[in-house]
Each structure stands twice: as C-alpha cells, then as structure tokens.
$ cat start_16.pdb   # PDB, C-alpha atoms
ATOM      1  CA  MET K   1     106.926 -53.136   8.876
ATOM      2  CA  THR K   2     110.020 -50.998   9.282
ATOM      3  CA  THR K   3     110.169 -48.966  12.496
ATOM      4  CA  LEU K   4     111.812 -45.548  12.467
ATOM      5  CA  THR K   5     113.983 -45.025  15.557
ATOM      6  CA  VAL K   6     114.783 -41.470  16.599
ATOM      7  CA  PRO K   7     118.268 -41.242  18.142
ATOM      8  CA  ASP K   8     118.384 -39.525  21.529
ATOM      9  CA  HIS K   9     121.279 -37.053  21.494
ATOM     10  CA  GLY K  10     120.633 -35.516  24.881
ATOM     11  CA  ALA K  11     117.009 -34.605  24.147
ATOM     12  CA  CYS K  12     114.566 -34.690  27.017
ATOM     13  CA  HIS K  13     112.236 -37.640  27.286
ATOM     14  CA  THR K  14     108.583 -36.690  26.954
ATOM     15  CA  SER K  15     105.308 -38.516  27.175
ATOM     16  CA  SER K  16     105.034 -38.263  23.407
ATOM     17  CA  GLY K  17     107.584 -40.191  21.385
ATOM     18  CA  THR K  18     107.235 -38.192  18.202
ATOM     19  CA  MET K  19     110.212 -36.568  16.532
ATOM     20  CA  GLU K  20     108.554 -33.130  16.672
ATOM     21  CA  SER K  21     108.054 -33.229  20.440
ATOM     22  CA  LEU K  22     111.663 -34.272  20.999
ATOM     23  CA  VAL K  23     113.044 -31.461  18.838
ATOM     24  CA  MET K  24     110.811 -28.771  20.380
ATOM     25  CA  THR K  25     111.679 -29.849  23.928
ATOM     26  CA  ARG K  26     115.368 -29.859  23.154
ATOM     27  CA  GLN K  27     115.222 -26.339  21.667
ATOM     28  CA  LYS K  28     113.451 -24.978  24.732
ATOM     29  CA  ASN K  29     116.041 -26.450  27.081
ATOM     30  CA  TRP K  30     118.975 -25.026  25.133
ATOM     31  CA  LYS K  31     117.307 -21.614  25.170
ATOM     32  CA  ALA K  32     116.896 -21.824  28.941
ATOM     33  CA  LEU K  33     120.556 -22.791  29.356
ATOM     34  CA  PHE K  34     121.641 -19.850  27.188
ATOM     35  CA  THR K  35     119.612 -17.470  29.370
ATOM     36  CA  ASP K  36     121.110 -18.913  32.543
ATOM     37  CA  ALA K  37     124.629 -18.661  31.089
ATOM     38  CA  ALA K  38     124.027 -15.006  30.177
ATOM     39  CA  GLY K  39     123.036 -14.285  33.778
ATOM     40  CA  LEU K  40     126.219 -15.905  35.063
ATOM     41  CA  ALA K  41     128.292 -13.910  32.574
ATOM     42  CA  PHE K  42     126.645 -10.721  33.812
ATOM     43  CA  ALA K  43     127.512 -11.646  37.400
ATOM     44  CA  ALA K  44     131.129 -12.340  36.421
ATOM     45  CA  ILE K  45     131.399  -8.938  34.728
ATOM     46  CA  TRP K  46     130.093  -7.188  37.826
ATOM     47  CA  ALA K  47     132.427  -9.133  40.095
ATOM     48  CA  THR K  48     135.338  -8.203  37.821
ATOM     49  CA  ARG K  49     134.409  -4.517  38.130
ATOM     50  CA  GLY K  50     134.355  -4.819  41.885
ATOM     51  CA  ALA K  51     137.653  -6.676  41.966
ATOM     52  CA  THR K  52     139.280  -4.070  39.711
ATOM     53  CA  ALA K  53     138.116  -1.275  41.987
ATOM     54  CA  ALA K  54     139.457  -3.178  44.999
ATOM     55  CA  GLN K  55     142.747  -3.803  43.148
ATOM     56  CA  LEU K  56     142.662  -7.540  43.824
ATOM     57  CA  PRO K  57     145.230  -9.815  42.111
ATOM     58  CA  LYS K  58     143.966 -10.686  38.633
ATOM     59  CA  PRO K  59     145.003 -14.379  38.681
ATOM     60  CA  VAL K  60     143.073 -14.936  41.914
ATOM     61  CA  VAL K  61     140.026 -13.100  40.571
ATOM     62  CA  VAL K  62     140.032 -14.969  37.248
ATOM     63  CA  ALA K  63     140.452 -18.361  38.942
ATOM     64  CA  SER K  64     137.717 -17.655  41.507
ATOM     65  CA  LEU K  65     135.232 -16.423  38.910
ATOM     66  CA  ALA K  66     135.974 -19.370  36.632
ATOM     67  CA  VAL K  67     135.343 -21.901  39.412
ATOM     68  CA  ILE K  68     132.114 -20.260  40.599
ATOM     69  CA  SER K  69     130.755 -19.708  37.078
ATOM     70  CA  LEU K  70     131.586 -23.214  35.844
ATOM     71  CA  ILE K  71     130.053 -24.919  38.876
ATOM     72  CA  LEU K  72     126.801 -22.983  38.517
ATOM     73  CA  LEU K  73     126.779 -23.418  34.739
ATOM     74  CA  ALA K  74     127.191 -27.171  35.198
ATOM     75  CA  GLY K  75     124.217 -27.113  37.553
ATOM     76  CA  PHE K  76     122.047 -25.284  35.026
ATOM     77  CA  ALA K  77     123.201 -27.597  32.227
ATOM     78  CA  TYR K  78     122.261 -30.609  34.330
ATOM     79  CA  ARG K  79     118.866 -29.082  35.148
ATOM     80  CA  ASP K  80     118.006 -27.793  31.652
ATOM     81  CA  LEU K  81     119.439 -30.577  29.472
ATOM     82  CA  ILE K  82     119.449 -33.750  31.580
ATOM     83  CA  GLN K  83     116.741 -33.338  34.208
ATOM     84  CA  CYS K  84     114.688 -31.274  31.754
ATOM     85  CA  ARG K  85     113.374 -28.927  34.434
ATOM     86  CA  PRO K  86     113.845 -25.400  33.033
ATOM     87  CA  GLU K  87     111.742 -22.692  34.647
ATOM     88  CA  ALA K  88     108.504 -22.350  32.712
ATOM     89  CA  VAL K  89     107.457 -18.968  31.385
ATOM     90  CA  GLN K  90     103.888 -18.245  32.505
ATOM     91  CA  ASP K  91     103.543 -14.870  30.766
ATOM     92  CA  ALA K  92     105.640 -14.764  27.585
ATOM     93  CA  ALA K  93     104.261 -11.360  26.535
ATOM     94  CA  LEU K  94     105.296  -9.748  29.825
ATOM     95  CA  LEU K  95     108.744 -11.316  29.630
ATOM     96  CA  GLN K  96     109.232 -10.002  26.101
ATOM     97  CA  ARG K  97     108.180  -6.489  27.166
ATOM     98  CA  VAL K  98     110.628  -6.601  30.066
ATOM     99  CA  LYS K  99     113.518  -7.484  27.764
ATOM    100  CA  ILE K 100     112.649  -4.695  25.324
ATOM    101  CA  MET K 101     112.181  -2.069  28.033
ATOM    102  CA  ARG K 102     115.436  -3.091  29.695
ATOM    103  CA  ILE K 103     117.373  -2.498  26.476
ATOM    104  CA  VAL K 104     115.636   0.843  25.922
ATOM    105  CA  ALA K 105     116.233   1.978  29.522
ATOM    106  CA  ILE K 106     119.925   1.014  29.429
ATOM    107  CA  THR K 107     120.431   2.816  26.108
ATOM    108  CA  VAL K 108     118.754   6.000  27.377
ATOM    109  CA  MET K 109     120.648   5.869  30.680
ATOM    110  CA  ILE K 110     124.053   5.502  28.981
ATOM    111  CA  THR K 111     123.276   8.408  26.662
ATOM    112  CA  VAL K 112     122.186  10.684  29.523
ATOM    113  CA  VAL K 113     125.129   9.762  31.772
ATOM    114  CA  ARG K 114     127.654  10.406  29.031
ATOM    115  CA  SER K 115     126.010  13.699  28.084
ATOM    116  CA  ALA K 116     126.090  14.827  31.726
ATOM    117  CA  HIS K 117     129.741  13.660  32.098
ATOM    118  CA  HIS K 118     128.997  11.586  35.202
ATOM    119  CA  ALA K 119     130.599   8.281  34.312
ATOM    120  CA  GLU K 120     130.722   7.310  37.998
ATOM    121  CA  LEU K 121     126.938   6.887  37.928
ATOM    122  CA  LEU K 122     126.973   4.413  35.054
ATOM    123  CA  TYR K 123     127.308   1.161  36.969
ATOM    124  CA  PRO K 124     125.034   1.992  39.933
ATOM    125  CA  LEU K 125     122.298   3.098  37.522
ATOM    126  CA  LEU K 126     122.864   0.028  35.379
ATOM    127  CA  GLY K 127     122.456  -2.120  38.485
ATOM    128  CA  CYS K 128     119.180  -0.377  39.319
ATOM    129  CA  ILE K 129     117.808  -1.016  35.836
ATOM    130  CA  ILE K 130     118.860  -4.662  35.831
ATOM    131  CA  GLY K 131     117.525  -5.173  39.347
ATOM    132  CA  LEU K 132     114.178  -3.597  38.505
ATOM    133  CA  SER K 133     113.881  -5.801  35.412
ATOM    134  CA  TYR K 134     114.234  -8.920  37.569
ATOM    135  CA  ILE K 135     111.015  -8.111  39.430
ATOM    136  CA  PRO K 136     108.531  -8.328  36.505
ATOM    137  CA  MET K 137     110.646 -11.159  35.112
ATOM    138  CA  GLY K 138     109.977 -13.095  38.302
ATOM    139  CA  ARG K 139     106.257 -12.425  37.882
ATOM    140  CA  ALA K 140     106.347 -13.640  34.282
ATOM    141  CA  MET K 141     108.077 -16.856  35.322
ATOM    142  CA  GLN K 142     106.290 -17.252  38.686
ATOM    143  CA  GLU K 143     109.732 -17.446  40.303
ATOM    144  CA  PRO K 144     109.947 -15.580  43.653
ATOM    145  CA  VAL K 145     113.743 -15.869  43.670
ATOM    146  CA  HIS K 146     113.986 -13.481  40.702
ATOM    147  CA  ILE K 147     111.863 -10.925  42.559
ATOM    148  CA  ILE K 148     114.009 -11.175  45.689
ATOM    149  CA  VAL K 149     117.266 -10.972  43.732
ATOM    150  CA  GLY K 150     115.975  -7.945  41.832
ATOM    151  CA  GLY K 151     115.055  -6.160  45.057
ATOM    152  CA  VAL K 152     118.466  -6.931  46.566
ATOM    153  CA  ILE K 153     120.300  -5.638  43.477
ATOM    154  CA  VAL K 154     118.276  -2.409  43.521
ATOM    155  CA  GLY K 155     119.040  -1.956  47.219
ATOM    156  CA  ILE K 156     122.752  -2.577  46.710
ATOM    157  CA  SER K 157     122.877  -0.183  43.765
ATOM    158  CA  ALA K 158     121.050   2.513  45.735
ATOM    159  CA  LEU K 159     123.441   2.045  48.663
ATOM    160  CA  SER K 160     126.456   2.404  46.378
ATOM    161  CA  PHE K 161     125.282   5.924  45.449
ATOM    162  CA  LEU K 162     126.019   7.020  49.024
ATOM    163  CA  LEU K 163     129.580   5.677  49.044
ATOM    164  CA  PRO K 164     132.738   7.407  47.791
ATOM    165  CA  GLU K 165     134.873   6.083  44.953
ATOM    166  CA  PRO K 166     136.075   3.396  44.536
ATOM    167  CA  LEU K 167     134.062   1.891  47.377
ATOM    168  CA  HIS K 168     130.760   2.439  45.581
ATOM    169  CA  LEU K 169     131.921   0.296  42.659
ATOM    170  CA  GLU K 170     133.232  -2.417  44.968
ATOM    171  CA  VAL K 171     129.880  -2.657  46.744
ATOM    172  CA  ALA K 172     127.873  -2.523  43.520
ATOM    173  CA  GLY K 173     130.131  -5.053  41.771
ATOM    174  CA  PHE K 174     130.529  -7.683  44.471
ATOM    175  CA  GLY K 175     127.006  -7.177  45.857
ATOM    176  CA  THR K 176     125.312  -7.629  42.483
ATOM    177  CA  ALA K 177     127.400 -10.681  41.606
ATOM    178  CA  LEU K 178     126.788 -12.280  45.000
ATOM    179  CA  ALA K 179     123.044 -11.703  44.731
ATOM    180  CA  ILE K 180     122.930 -13.414  41.323
ATOM    181  CA  TRP K 181     125.090 -16.331  42.496
ATOM    182  CA  VAL K 182     123.007 -16.957  45.616
ATOM    183  CA  GLY K 183     119.835 -16.614  43.547
ATOM    184  CA  SER K 184     121.187 -19.183  41.085
ATOM    185  CA  VAL K 185     121.814 -21.674  43.881
ATOM    186  CA  LEU K 186     118.300 -21.153  45.235
ATOM    187  CA  ARG K 187     116.750 -21.573  41.779
ATOM    188  CA  LEU K 188     118.667 -24.811  41.230
ATOM    189  CA  ARG K 189     117.531 -26.061  44.614
ATOM    190  CA  ASN K 190     113.910 -25.135  43.887
ATOM    191  CA  SER K 191     114.126 -27.006  40.568
ATOM    192  CA  GLY K 192     115.206 -30.163  42.365
ATOM    193  CA  THR K 193     118.655 -30.170  40.785
ATOM    194  CA  PHE K 194     120.362 -31.171  44.034
ATOM    195  CA  SER K 195     117.955 -34.021  44.762
ATOM    196  CA  VAL K 196     119.073 -37.546  43.955
ATOM    197  CA  PRO K 197     116.329 -40.036  42.962
ATOM    198  CA  PRO K 198     116.312 -43.476  44.629
ATOM    199  CA  ARG K 199     118.244 -46.170  42.808
ATOM    200  CA  ASN K 200     115.105 -48.220  42.263
ATOM    201  CA  ALA K 201     113.126 -45.263  40.886
ATOM    202  CA  LEU K 202     111.601 -45.870  37.488
ATOM    203  CA  PRO K 203     112.666 -43.451  34.713
ATOM    204  CA  SER K 204     110.017 -40.913  33.689
TER     205      SER K 204
END

$ encode --input "start_16.pdb" --output "structure tokens"
Amino acid sequence: MTTLTVPDHGACHTSSGTMESLVMTRQKNWKALFTDAAGLAFAAIWATRGATAAQLPKPVVVASLAVISLILLAGFAYRDLIQCRPEAVQDAALLQRVKIMRIVAITVMITVVRSAHHAELLYPLLGCIIGLSYIPMGRAMQEPVHIIVGGVIVGISALSFLLPEPLHLEVAGFGTALAIWVGSVLRLRNSGTFSVPPRNALPS
C-alpha cells in the first residue's frame, strides 16, 4: 500500500495528521501574524508622528523603529508559526463588530474634524477610538493585556488634549507606541514565547 506523506512547510503540528487540519492550522497562524504585524505598523506610525513633532533626527528614528519592530515581529512569528500559540478568539462575532465599528468611527471622526477645520484634534481623537476598540477586543480574545493597553492609550490621548502643540502630538505619538510595544512584550510572555523547553522534552 502506498502511503501519502504530507510535507511540513512550517505548518503547526496537530493531534490530527490529516492534510485538512494542517492547512487550516497554518492559515489561522498566518492570519494571527498579519494582525500582530498590523499592530506593530500602527505603533511605528504613531512613534514617527511623535518623533516628527519632536524634530528628532530621521536616521536615528528610522533605525530605532526598525530594530524595535523587527524584534517584536520576530517574536510574534516565532509564537504564531513555530510554537503555534496564537491568541484564540473566544467571541468572533464581537471581534468582527469591533473592527467594523472602528472603521465607521474613524471615518466619521475624520469627516467631522476636517469639516470643523480642527486638524490638531485628528490624532488625539484617533488614539481615543483605537484605544477604546482595544477594550472589547480584549474581551473577545479573553486577553487582559489588550484591555489594559486600550485604557492606557485612551488616557494618553485624553491627556494630550490638555497640552499645547507640538507637545500634544509628542505625548500621543510616543505614548501610544510605547503602550503597544509594552503590551506586545507582555502578550508574548503570556503566550510562553520566552520560555525554553527542556532539552529532553518530547515534541508535542
């Protein structure tokens, strides 16, 4: 009898050896990595806004953001594609509603801000919307770190309203980016990404 062998091109190992289970698991992990990468890109954009307002040297800013983003992205890639420990979504319907409402809220906010000719409010308000969206997202994924990060971002954005230009953008930019970066480290730690299994441990 001829045995069909499914090549393992980075797919997660599961208890079921069928081709379908391998493909489905691999798709889920890539989707999780894409989501994590989008969050890191958002943090880099905010940090760039803060650095621009602070008039920091561009080469230093670009190099710093590249190092931080790549290190965290490597951690998420290791977690999502090698360890196969992406954060599970407990309430997919709630998560989908959050994504839709976030897009709607951002669109409405941009329209209102431009109509009122108050461009200085764009980024603080954007931070508030993003921060608020993290809270139900954390509930949908049963991840307390998302809830904490969301609350911190909302607080930072609210504080920036009280500050003069360009200080308000510096605080909003660097504060939001730092909150996301620290949250990413905590999420990786909670997922066991930094733990090293014993050498004699049997593979799962």

$ closest_residue --input "start_16.pdb" --among "K:Leu94, K:Val113, K:Leu122, K:Ile71" --to "Leu169 of chain K" --atoms "only C-alpha atoms"
K:Leu122

$ resolve_selection --input "start_16.pdb" --expression "the PyMOL selection byres ((chain K and resi 193) around 9)" --output "PyMOL selection string"
chain K and resi 75-76+78-79+83+85+187-192+194-196

$ residues_around --input "start_16.pdb" --residues "segment 52-69 of chain K" --least-positions-apart "5" --cutoff "8 Å" --atoms "only C-alpha atoms" --output "ChimeraX atom specification"
/K:40-41,44,47,166-167,169-170

$ closest_residue --input "start_16.pdb" --among "K:Ile135, K:Leu126, K:Ile153, K:Leu163" --to "Leu178 of chain K" --atoms "only C-alpha atoms"
K:Ile153

$ atom_distance --input "start_16.pdb" --atom1 "atom CA of Ser160 of chain K" --atom2 "atom CA of Ala172 of chain K"
5.9 Å

$ closest_residue --input "start_16.pdb" --among "K:Ala92, K:Val112, K:Val104, K:Ala177" --to "Met137 of chain K" --atoms "all atoms listed in the file"
K:Ala92

$ closest_residue --input "start_16.pdb" --among "K:Val185, K:Ala179, K:Val89, K:Met101" --to "Gln142 of chain K" --atoms "all atoms listed in the file"
K:Val89

$ atom_distance --input "start_16.pdb" --atom1 "atom CA of Thr176 of chain K" --atom2 "atom CA of Ala43 of chain K"
6.8 Å

$ closest_residue --input "start_16.pdb" --among "K:His118, K:Leu132, K:Ala37, K:Arg102" --to "Ala158 of chain K" --atoms "all atoms listed in the file"
K:Leu132

$ atom_distance --input "start_16.pdb" --atom1 "atom CA of Leu121 of chain K" --atom2 "atom CA of Gly138 of chain K"
26.2 Å

$ closest_residue --input "start_16.pdb" --among "K:Val149, K:Ile180, K:Met141, K:Leu162" --to "Gln90 of chain K" --atoms "all atoms listed in the file"
K:Met141

$ residues_around --input "start_16.pdb" --residues "Phe161 of chain K" --least-positions-apart "5" --cutoff "9 Å" --atoms "all atoms listed in the file" --output "list in words"
Leu121, Pro124, Leu125, Ile156 and His168 of chain K
